[in-house]
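Heads up, entry_18.cif below (mmCIF, C-alpha atoms and all ligand atoms):
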```cif
data_query
#
loop_
_atom_site.label_atom_id
_atom_site.label_comp_id
_atom_site.auth_asym_id
_atom_site.auth_seq_id
_atom_site.Cartn_x
_atom_site.Cartn_y
_atom_site.Cartn_z
CA MET A 22 -0.62 -9.33 122.43
CA ARG A 23 -0.71 -12.61 124.32
CA ILE A 24 -4.23 -13.73 124.96
CA VAL A 25 -5.92 -16.84 126.33
CA LEU A 26 -9.46 -17.58 125.16
CA VAL A 27 -11.65 -19.51 127.53
CA GLY A 28 -15.26 -20.69 127.32
CA PRO A 29 -17.36 -23.84 127.18
CA PRO A 30 -17.41 -26.16 124.16
CA GLY A 31 -19.29 -24.39 121.36
CA ALA A 32 -18.81 -20.93 122.88
CA GLY A 33 -17.23 -19.71 119.65
CA LYS A 34 -13.58 -19.77 120.72
CA GLY A 35 -12.36 -21.11 117.37
CA THR A 36 -14.65 -18.82 115.38
CA GLN A 37 -13.55 -15.73 117.28
CA ALA A 38 -9.89 -16.75 117.53
CA THR A 39 -9.55 -16.94 113.74
CA ARG A 40 -11.02 -13.43 113.37
CA LEU A 41 -9.14 -11.89 116.30
CA ALA A 42 -5.84 -13.44 115.24
CA ASP A 43 -6.25 -11.83 111.86
CA LYS A 44 -7.06 -8.40 113.33
CA LEU A 45 -4.37 -8.55 116.02
CA ARG A 46 -1.78 -10.12 113.67
CA VAL A 47 -0.85 -12.97 115.98
CA PRO A 48 -1.12 -16.72 115.34
CA HIS A 49 -4.19 -18.65 116.49
CA ILE A 50 -2.99 -21.63 118.50
CA SER A 51 -5.68 -24.22 119.21
CA THR A 52 -4.65 -27.39 121.03
CA GLY A 53 -7.85 -29.05 119.76
CA ASP A 54 -6.88 -28.24 116.14
CA LEU A 55 -3.31 -29.46 116.77
CA PHE A 56 -4.64 -32.75 118.13
CA ARG A 57 -7.04 -33.12 115.18
CA ALA A 58 -4.17 -32.50 112.73
CA ASN A 59 -2.19 -35.25 114.51
CA ILE A 60 -5.20 -37.57 114.27
CA SER A 61 -5.57 -37.04 110.54
CA GLN A 62 -1.82 -37.58 110.04
CA GLN A 63 -2.10 -40.74 112.18
CA THR A 64 0.82 -39.83 114.43
CA GLU A 65 1.41 -41.58 117.78
CA LEU A 66 0.26 -38.42 119.53
CA GLY A 67 -2.89 -38.43 117.40
CA LYS A 68 -3.66 -42.04 118.32
CA LEU A 69 -3.23 -41.29 122.00
CA ALA A 70 -5.26 -38.04 121.86
CA LYS A 71 -8.15 -39.61 119.93
CA SER A 72 -9.08 -42.03 122.69
CA TYR A 73 -9.44 -39.17 125.19
CA MET A 74 -11.12 -36.76 122.78
CA ASP A 75 -13.74 -39.24 121.61
CA ALA A 76 -14.73 -39.78 125.23
CA GLY A 77 -14.85 -36.02 125.89
CA ASN A 78 -12.01 -36.14 128.42
CA LEU A 79 -8.84 -34.09 128.57
CA VAL A 80 -5.71 -35.44 126.93
CA PRO A 81 -3.04 -35.94 129.67
CA ASP A 82 -1.22 -32.76 130.71
CA GLU A 83 2.27 -33.99 129.94
CA VAL A 84 1.73 -34.44 126.21
CA THR A 85 -0.60 -31.44 125.92
CA ILE A 86 1.83 -29.05 127.59
CA ALA A 87 4.76 -30.32 125.50
CA MET A 88 2.75 -29.85 122.29
CA ALA A 89 1.56 -26.34 123.24
CA LYS A 90 5.07 -25.30 124.30
CA ASP A 91 6.51 -26.52 121.03
CA ARG A 92 3.94 -24.52 119.05
CA MET A 93 4.40 -21.34 121.13
CA GLU A 94 8.14 -21.51 120.49
CA GLN A 95 7.71 -21.27 116.71
CA PRO A 96 9.03 -18.00 115.24
CA ASP A 97 5.56 -16.70 114.26
CA ALA A 98 4.56 -16.66 117.93
CA GLU A 99 7.51 -14.57 119.05
CA ASN A 100 5.54 -11.33 119.36
CA GLY A 101 2.25 -12.73 120.52
CA PHE A 102 -0.37 -15.45 120.23
CA LEU A 103 -3.98 -16.26 120.84
CA LEU A 104 -4.40 -19.49 122.77
CA ASP A 105 -7.66 -21.36 122.15
CA GLY A 106 -8.36 -24.35 124.38
CA PHE A 107 -5.11 -24.11 126.33
CA PRO A 108 -4.68 -23.95 129.29
CA ARG A 109 -7.62 -26.12 130.23
CA ASN A 110 -6.97 -26.85 133.90
CA VAL A 111 -5.04 -25.20 136.71
CA SER A 112 -1.92 -27.32 136.28
CA GLN A 113 -1.72 -26.35 132.59
CA ALA A 114 -2.16 -22.69 133.62
CA GLU A 115 0.69 -23.05 136.11
CA ALA A 116 2.87 -24.69 133.46
CA LEU A 117 2.11 -21.82 131.07
CA ASP A 118 3.04 -19.28 133.76
CA GLU A 119 6.35 -21.07 134.29
CA LEU A 120 7.06 -21.08 130.58
CA LEU A 121 6.24 -17.37 130.20
CA LYS A 122 8.35 -16.57 133.27
CA THR A 123 11.42 -18.27 131.83
CA GLU A 124 10.96 -16.25 128.64
CA GLY A 125 10.38 -13.03 130.61
CA ILE A 126 6.95 -12.41 129.07
CA LYS A 127 3.41 -12.05 130.40
CA LEU A 128 -0.16 -12.63 129.30
CA ASP A 129 -2.10 -9.47 128.42
CA ALA A 130 -5.59 -10.83 128.95
CA VAL A 131 -7.81 -13.87 129.38
CA LEU A 132 -10.94 -13.45 127.28
CA ASP A 133 -13.83 -15.38 128.80
CA LEU A 134 -16.68 -16.10 126.36
CA GLU A 135 -20.02 -16.50 128.13
CA VAL A 136 -22.85 -18.40 126.50
CA PRO A 137 -25.92 -20.21 127.91
CA GLU A 138 -25.91 -24.01 127.78
CA GLU A 139 -28.98 -24.28 125.48
CA GLU A 140 -27.15 -22.13 122.90
CA VAL A 141 -24.05 -24.35 123.20
CA VAL A 142 -26.16 -27.39 122.35
CA LYS A 143 -27.61 -25.69 119.22
CA ARG A 144 -24.19 -24.48 118.06
CA ILE A 145 -22.52 -27.86 118.47
CA ALA A 146 -25.38 -29.83 116.88
CA GLY A 147 -25.10 -27.77 113.67
CA ARG A 148 -21.33 -27.36 113.51
CA ARG A 149 -19.47 -28.65 110.48
CA ILE A 150 -15.68 -28.49 110.09
CA CYS A 151 -13.27 -29.02 107.23
CA ARG A 152 -11.31 -32.26 106.72
CA ASN A 153 -8.24 -30.28 105.61
CA ASP A 154 -8.15 -27.86 108.55
CA SER A 155 -10.39 -28.02 111.59
CA ALA A 156 -10.00 -24.25 112.05
CA HIS A 157 -12.37 -23.81 109.07
CA VAL A 158 -15.66 -23.84 110.99
CA PHE A 159 -19.25 -23.58 109.72
CA HIS A 160 -22.76 -24.03 111.05
CA VAL A 161 -25.64 -25.44 109.02
CA THR A 162 -27.94 -22.57 110.09
CA TYR A 163 -25.83 -19.79 111.62
CA SER A 164 -22.80 -19.78 109.26
CA PRO A 165 -23.66 -22.05 106.32
CA ALA A 166 -21.05 -22.83 103.67
CA LYS A 167 -21.87 -21.34 100.25
CA LYS A 168 -22.05 -24.84 98.82
CA GLU A 169 -23.42 -27.49 101.18
CA GLY A 170 -20.75 -29.87 102.46
CA VAL A 171 -17.85 -27.93 100.88
CA CYS A 172 -15.43 -25.63 102.72
CA ASP A 173 -15.58 -21.99 101.50
CA VAL A 174 -11.91 -21.48 102.38
CA CYS A 175 -10.21 -24.44 100.70
CA GLY A 176 -12.84 -26.65 99.02
CA GLY A 177 -12.33 -29.46 101.55
CA GLU A 178 -15.10 -31.80 102.66
CA LEU A 179 -17.17 -30.66 105.65
CA TYR A 180 -18.06 -33.14 108.36
CA GLN A 181 -19.34 -33.36 111.92
CA ARG A 182 -16.68 -33.76 114.60
CA ASP A 183 -16.59 -37.23 116.23
CA ASP A 184 -16.81 -35.64 119.68
CA ASP A 185 -19.90 -33.58 118.80
CA SER A 186 -22.31 -36.42 119.67
CA GLU A 187 -24.87 -35.67 122.40
CA ASP A 188 -23.26 -37.98 125.00
CA THR A 189 -19.74 -36.70 124.44
CA VAL A 190 -20.89 -33.08 124.56
CA ARG A 191 -22.44 -33.76 127.97
CA THR A 192 -19.10 -35.09 129.24
CA ARG A 193 -17.21 -32.17 127.67
CA LEU A 194 -19.49 -29.68 129.44
CA GLU A 195 -18.96 -31.47 132.75
CA VAL A 196 -15.20 -31.48 132.23
CA TYR A 197 -15.40 -27.77 131.43
CA HIS A 198 -17.22 -26.97 134.68
CA THR A 199 -15.05 -29.12 136.93
CA GLN A 200 -11.60 -28.72 135.37
CA THR A 201 -11.52 -25.64 133.14
CA GLU A 202 -13.71 -23.09 134.93
CA PRO A 203 -11.32 -22.98 137.93
CA ILE A 204 -8.71 -21.34 135.67
CA ILE A 205 -10.99 -18.29 135.48
CA ASP A 206 -10.52 -17.70 139.22
CA TYR A 207 -6.83 -18.49 138.85
CA TYR A 208 -6.50 -15.71 136.26
CA LYS A 209 -8.88 -13.37 138.13
CA SER A 210 -6.37 -13.38 140.96
CA GLN A 211 -3.85 -12.06 138.41
CA GLY A 212 -6.33 -9.38 137.25
CA LEU A 213 -6.37 -10.73 133.69
CA VAL A 214 -9.97 -11.79 133.05
CA VAL A 215 -12.21 -9.92 130.62
CA THR A 216 -15.70 -11.45 130.29
CA ILE A 217 -17.96 -10.84 127.30
CA SER A 218 -21.18 -12.38 126.02
CA SER A 219 -20.70 -14.62 123.00
CA LEU A 220 -24.34 -14.21 121.94
CA GLY A 221 -25.34 -12.42 118.75
CA PRO A 222 -23.91 -12.30 115.24
CA VAL A 223 -20.28 -13.45 114.90
CA GLY A 224 -19.07 -9.99 113.76
CA GLU A 225 -20.69 -8.28 116.73
CA VAL A 226 -19.01 -10.67 119.15
CA THR A 227 -15.63 -9.93 117.51
CA GLN A 228 -16.27 -6.19 117.89
CA ARG A 229 -17.22 -6.69 121.54
CA ALA A 230 -14.03 -8.68 122.11
CA LEU A 231 -11.80 -6.08 120.46
CA GLU A 232 -13.35 -3.27 122.51
CA ALA A 233 -13.01 -5.22 125.75
CA LEU A 234 -9.37 -6.07 124.99
CA LYS A 235 -8.62 -2.44 124.15
CA ARG A 236 -10.15 -1.24 127.44
CA GLU A 237 -8.05 -3.83 129.25
CA ASP A 238 -4.93 -2.67 127.41
CA ASP A 239 -5.62 1.05 128.06
CA GLY A 240 -6.21 0.34 131.73
CA LYS A 241 -2.71 -1.12 132.19
P1 LIG A 301 -11.48 -28.26 121.36
O1 LIG A 301 -11.33 -28.51 119.93
O2 LIG A 301 -10.78 -27.12 121.98
O3 LIG A 301 -13.04 -28.20 121.69
P2 LIG A 301 -13.89 -27.37 122.77
O4 LIG A 301 -13.19 -26.61 123.78
O5 LIG A 301 -14.88 -28.35 123.30
O6 LIG A 301 -14.49 -26.23 121.97
P3 LIG A 301 -15.14 -26.33 120.60
O7 LIG A 301 -14.09 -26.36 119.56
O8 LIG A 301 -16.17 -27.42 120.63
O9 LIG A 301 -15.97 -24.96 120.55
P4 LIG A 301 -15.53 -23.50 120.16
O10 LIG A 301 -15.69 -22.66 121.38
O11 LIG A 301 -14.23 -23.47 119.46
O12 LIG A 301 -16.72 -23.13 119.17
P5 LIG A 301 -16.72 -22.86 117.58
O13 LIG A 301 -16.07 -21.56 117.28
O14 LIG A 301 -16.30 -24.08 116.84
O15 LIG A 301 -11.05 -29.57 122.15
C1 LIG A 301 -11.51 -30.83 121.76
C2 LIG A 301 -10.90 -31.91 122.64
O16 LIG A 301 -9.47 -31.90 122.49
C3 LIG A 301 -11.14 -31.76 124.14
O17 LIG A 301 -12.38 -32.32 124.54
C4 LIG A 301 -9.94 -32.55 124.69
O18 LIG A 301 -10.16 -33.93 124.59
C5 LIG A 301 -8.83 -32.19 123.72
N1 LIG A 301 -8.07 -31.00 124.16
C6 LIG A 301 -7.98 -29.81 123.50
N2 LIG A 301 -7.21 -28.95 124.21
C7 LIG A 301 -6.82 -29.62 125.32
C8 LIG A 301 -6.03 -29.27 126.44
N3 LIG A 301 -5.50 -28.04 126.58
N4 LIG A 301 -5.82 -30.20 127.40
C9 LIG A 301 -6.33 -31.45 127.29
N5 LIG A 301 -7.11 -31.84 126.27
C10 LIG A 301 -7.34 -30.94 125.29
O19 LIG A 301 -18.32 -22.62 117.38
C11 LIG A 301 -19.25 -23.68 117.54
C12 LIG A 301 -20.34 -23.57 116.46
O20 LIG A 301 -21.10 -22.40 116.68
C13 LIG A 301 -19.80 -23.45 115.02
O21 LIG A 301 -20.61 -24.18 114.16
C14 LIG A 301 -19.89 -21.94 114.70
O22 LIG A 301 -20.11 -21.71 113.33
C15 LIG A 301 -21.09 -21.53 115.55
N6 LIG A 301 -20.98 -20.16 116.08
C16 LIG A 301 -19.87 -19.56 116.56
N7 LIG A 301 -20.16 -18.30 116.97
C17 LIG A 301 -21.49 -18.12 116.75
C18 LIG A 301 -22.38 -17.03 116.95
N8 LIG A 301 -21.97 -15.86 117.47
N9 LIG A 301 -23.68 -17.19 116.59
C19 LIG A 301 -24.11 -18.37 116.05
N10 LIG A 301 -23.31 -19.43 115.82
C20 LIG A 301 -22.01 -19.31 116.17
MG MG A 302 -12.83 -24.91 118.85
#
```
If you convert what's in this file into structure tokens, what do you get?
Ligand code: AP5
Ligand code: MG
Amino acid sequence: MRIVLVGPPGAGKGTQATRLADKLRVPHISTGDLFRANISQQTELGKLAKSYMDAGNLVPDEVTIAMAKDRMEQPDAENGFLLDGFPRNVSQAEALDELLKTEGIKLDAVLDLEVPEEEVVKRIAGRRICRNDSAHVFHVTYSPAKKEGVCDVCGGELYQRDDDSEDTVRTRLEVYHTQTEPIIDYYKSQGLVVTISSLGPVGEVTQRALEALKREDDGK
């Protein structure tokens, strides 16, 4: 399956993508995680991305699209992928369509995670991620690590993301509404959007997503 996950910051895209990727046996491709890996490895791309990310703005399309394309062309993504955080504006969505067209493949669904803004604020304020891999995500109240400050998956140190400050979150939400939400209409016109609520326990949201994706698949 080839799926795009969309939703505001803190909606649970990363949390659900890890679980869905495991169940659907496709790689989880997060442009945010790829940028954070570049930042920790201090690459040129990381240095460039950091200045935009810390301000809550989008990293320029040219570098983002090239990075996503490169990742999607890896052998593990040959039979499917779950995109988390890409595309993030209409021009990225158009670039993805072009790329898929040249490969003769199509998206199966765009999973839109809905969550009220006050819940987003609570989720982001308590989020902690792992220094070794930002896909290892915890929450001080909702999904606490077994040992405080230590990643359950790999033993890495947990920390709060630099862009999870109150000011930056406000900008990220604004950017989401103005630049990312329009891709939902873009994909609605292709009949691809499946919307679910991201409220409730993590496992229930995963179940809801799997059922919605199955209905979408059966209907085609
Ligand atoms: P990115 O890393 O993609 O951040 P984001 O979209 O703002 O989304 P988040 O990662 O904040 O939230 P999430 O939905 O993954 O939630 P999570 O599962 O962690 O992007 C960061 C930056 O990189 C961007 O601002 C931009 O600068 C740049 N960038 C990335 N992609 C780009 C692109 N394509 N183009 C240009 N720039 C790009 O969950 C949040 C918290 O809630 C966690 O603590 C979790 O444990 C908890 N939680 C999850 N589900 C539940 C639940 N059901 N109940 C209770 N708690 C829950
Ligand atoms: Mg994420």
Choose the residue, out of A:Thr52, A:Gln95, A:Asn153, A:Asn100, that has the smallest atom-to-atom separation from Val171 of chain A; count all atoms listed in the file. A:Asn153
Select all residues near (-23.1, -21.1, 121.3) (cut-off 7 Å, inclusive, file coordinates), counting all atoms listed in the file, and output them as a PyMOL selection string. chain A and resi 31-33+136+140-141+143-144
Tell me, as a list in words, which residues lie within 8 Å of segment 102-116 of chain A, counting only C-alpha atoms; anything in the same chain fewer than 5 positions away does not count.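 After dropping sequence-adjacent residues, the list is Met22, Arg23, Ile24, Val25, Leu26, Val27, Lys34, Gly35, Ala38, Ala42, Val47, Pro48, His49, Ile50, Ser51, Thr52, Gly53, Asp82, Ile86, Ala89, Met93, Gln200, Thr201, Glu202, Pro203, Ile204 and Tyr207 of chain A.
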C-alpha atoms of the current selection, written as a JSON list (two decimals), keeping the file's coordinate frame:
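Generated output (selection33.json):
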```json
[["chain", "number", "residue", "atom", "x", "y", "z"],
["A", 22, "MET", "CA", -0.62, -9.33, 122.43],
["A", 23, "ARG", "CA", -0.71, -12.61, 124.32],
["A", 24, "ILE", "CA", -4.23, -13.73, 124.96],
["A", 25, "VAL", "CA", -5.92, -16.84, 126.33],
["A", 26, "LEU", "CA", -9.46, -17.58, 125.16],
["A", 27, "VAL", "CA", -11.65, -19.51, 127.53],
["A", 34, "LYS", "CA", -13.58, -19.77, 120.72],
["A", 35, "GLY", "CA", -12.36, -21.11, 117.37],
["A", 38, "ALA", "CA", -9.89, -16.75, 117.53],
["A", 42, "ALA", "CA", -5.84, -13.44, 115.24],
["A", 47, "VAL", "CA", -0.85, -12.97, 115.98],
["A", 48, "PRO", "CA", -1.12, -16.72, 115.34],
["A", 49, "HIS", "CA", -4.19, -18.65, 116.49],
["A", 50, "ILE", "CA", -2.99, -21.63, 118.50],
["A", 51, "SER", "CA", -5.68, -24.22, 119.21],
["A", 52, "THR", "CA", -4.65, -27.39, 121.03],
["A", 53, "GLY", "CA", -7.85, -29.05, 119.76],
["A", 82, "ASP", "CA", -1.22, -32.76, 130.71],
["A", 86, "ILE", "CA", 1.83, -29.05, 127.59],
["A", 89, "ALA", "CA", 1.56, -26.34, 123.24],
["A", 93, "MET", "CA", 4.40, -21.34, 121.13],
["A", 200, "GLN", "CA", -11.60, -28.72, 135.37],
["A", 201, "THR", "CA", -11.52, -25.64, 133.14],
["A", 202, "GLU", "CA", -13.71, -23.09, 134.93],
["A", 203, "PRO", "CA", -11.32, -22.98, 137.93],
["A", 204, "ILE", "CA", -8.71, -21.34, 135.67],
["A", 207, "TYR", "CA", -6.83, -18.49, 138.85]]
```
Which neighbours of Ser218 of chain A fall inside 9 Å, counting all atoms listed in the file, when residues of the same chain fewer than 4 positions from it are skipped, and could you give them as a list in words? Asp133, Leu134, Glu135, Val136, Val226, Arg229 and Ala230 of chain A
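The spacing separating atom CA of Ala146 of chain A from atom CA of Gln228 of chain A amounts to 25.4 Å.
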Can you work out which one of A:Thr123, A:Thr39, A:Thr85, A:Thr216 has the shortest atom-to-atom distance to ligand LIG 301 (chain A), counting all atoms listed in the file?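 Looking only at the distances to ligand LIG 301 (chain A), the closest residue turns out to be A:Thr85.
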Determine, counting all atoms listed in the file, which protein, DNA and RNA residues have an atom within 12 Å of an atom of segment 64-69 of chain A; residues of the same chain fewer than 4 positions away are not included. Present the result as a PDB file with C-alpha atoms, in the frame of the given file.
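In the end it all went to out_28.pdb:
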```
ATOM      1  CA  THR A  52      -4.650 -27.390 121.030  1.00  0.00           C
ATOM      2  CA  GLY A  53      -7.850 -29.050 119.760  1.00  0.00           C
ATOM      3  CA  ASP A  54      -6.880 -28.240 116.140  1.00  0.00           C
ATOM      4  CA  LEU A  55      -3.310 -29.460 116.770  1.00  0.00           C
ATOM      5  CA  PHE A  56      -4.640 -32.750 118.130  1.00  0.00           C
ATOM      6  CA  ARG A  57      -7.040 -33.120 115.180  1.00  0.00           C
ATOM      7  CA  ALA A  58      -4.170 -32.500 112.730  1.00  0.00           C
ATOM      8  CA  ASN A  59      -2.190 -35.250 114.510  1.00  0.00           C
ATOM      9  CA  ILE A  60      -5.200 -37.570 114.270  1.00  0.00           C
ATOM     10  CA  TYR A  73      -9.440 -39.170 125.190  1.00  0.00           C
ATOM     11  CA  MET A  74     -11.120 -36.760 122.780  1.00  0.00           C
ATOM     12  CA  ASP A  75     -13.740 -39.240 121.610  1.00  0.00           C
ATOM     13  CA  LEU A  79      -8.840 -34.090 128.570  1.00  0.00           C
ATOM     14  CA  VAL A  80      -5.710 -35.440 126.930  1.00  0.00           C
ATOM     15  CA  PRO A  81      -3.040 -35.940 129.670  1.00  0.00           C
ATOM     16  CA  GLU A  83       2.270 -33.990 129.940  1.00  0.00           C
ATOM     17  CA  VAL A  84       1.730 -34.440 126.210  1.00  0.00           C
ATOM     18  CA  THR A  85      -0.600 -31.440 125.920  1.00  0.00           C
ATOM     19  CA  ALA A  87       4.760 -30.320 125.500  1.00  0.00           C
ATOM     20  CA  MET A  88       2.750 -29.850 122.290  1.00  0.00           C
TER      21      MET A  88
END
```
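The smallest atom-to-atom distance between Thr162 of chain A and any of A:Cys175, A:Ile145, A:Leu117, A:Leu231, using all atoms listed in the file, is found for A:Ile145.
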Residue with smallest distance to ligand LIG 301 (chain A) - pool A:Arg148, A:Arg46, A:Lys209, A:Lys168, counting all atoms listed in the file: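 Ranking A:Arg148, A:Arg46, A:Lys209, A:Lys168 by distance to ligand LIG 301 (chain A), first place goes to A:Arg148.
Between atom CA of Pro30 of chain A and atom O1 of ligand LIG 301 (chain A) the separation is 7.8 Å.
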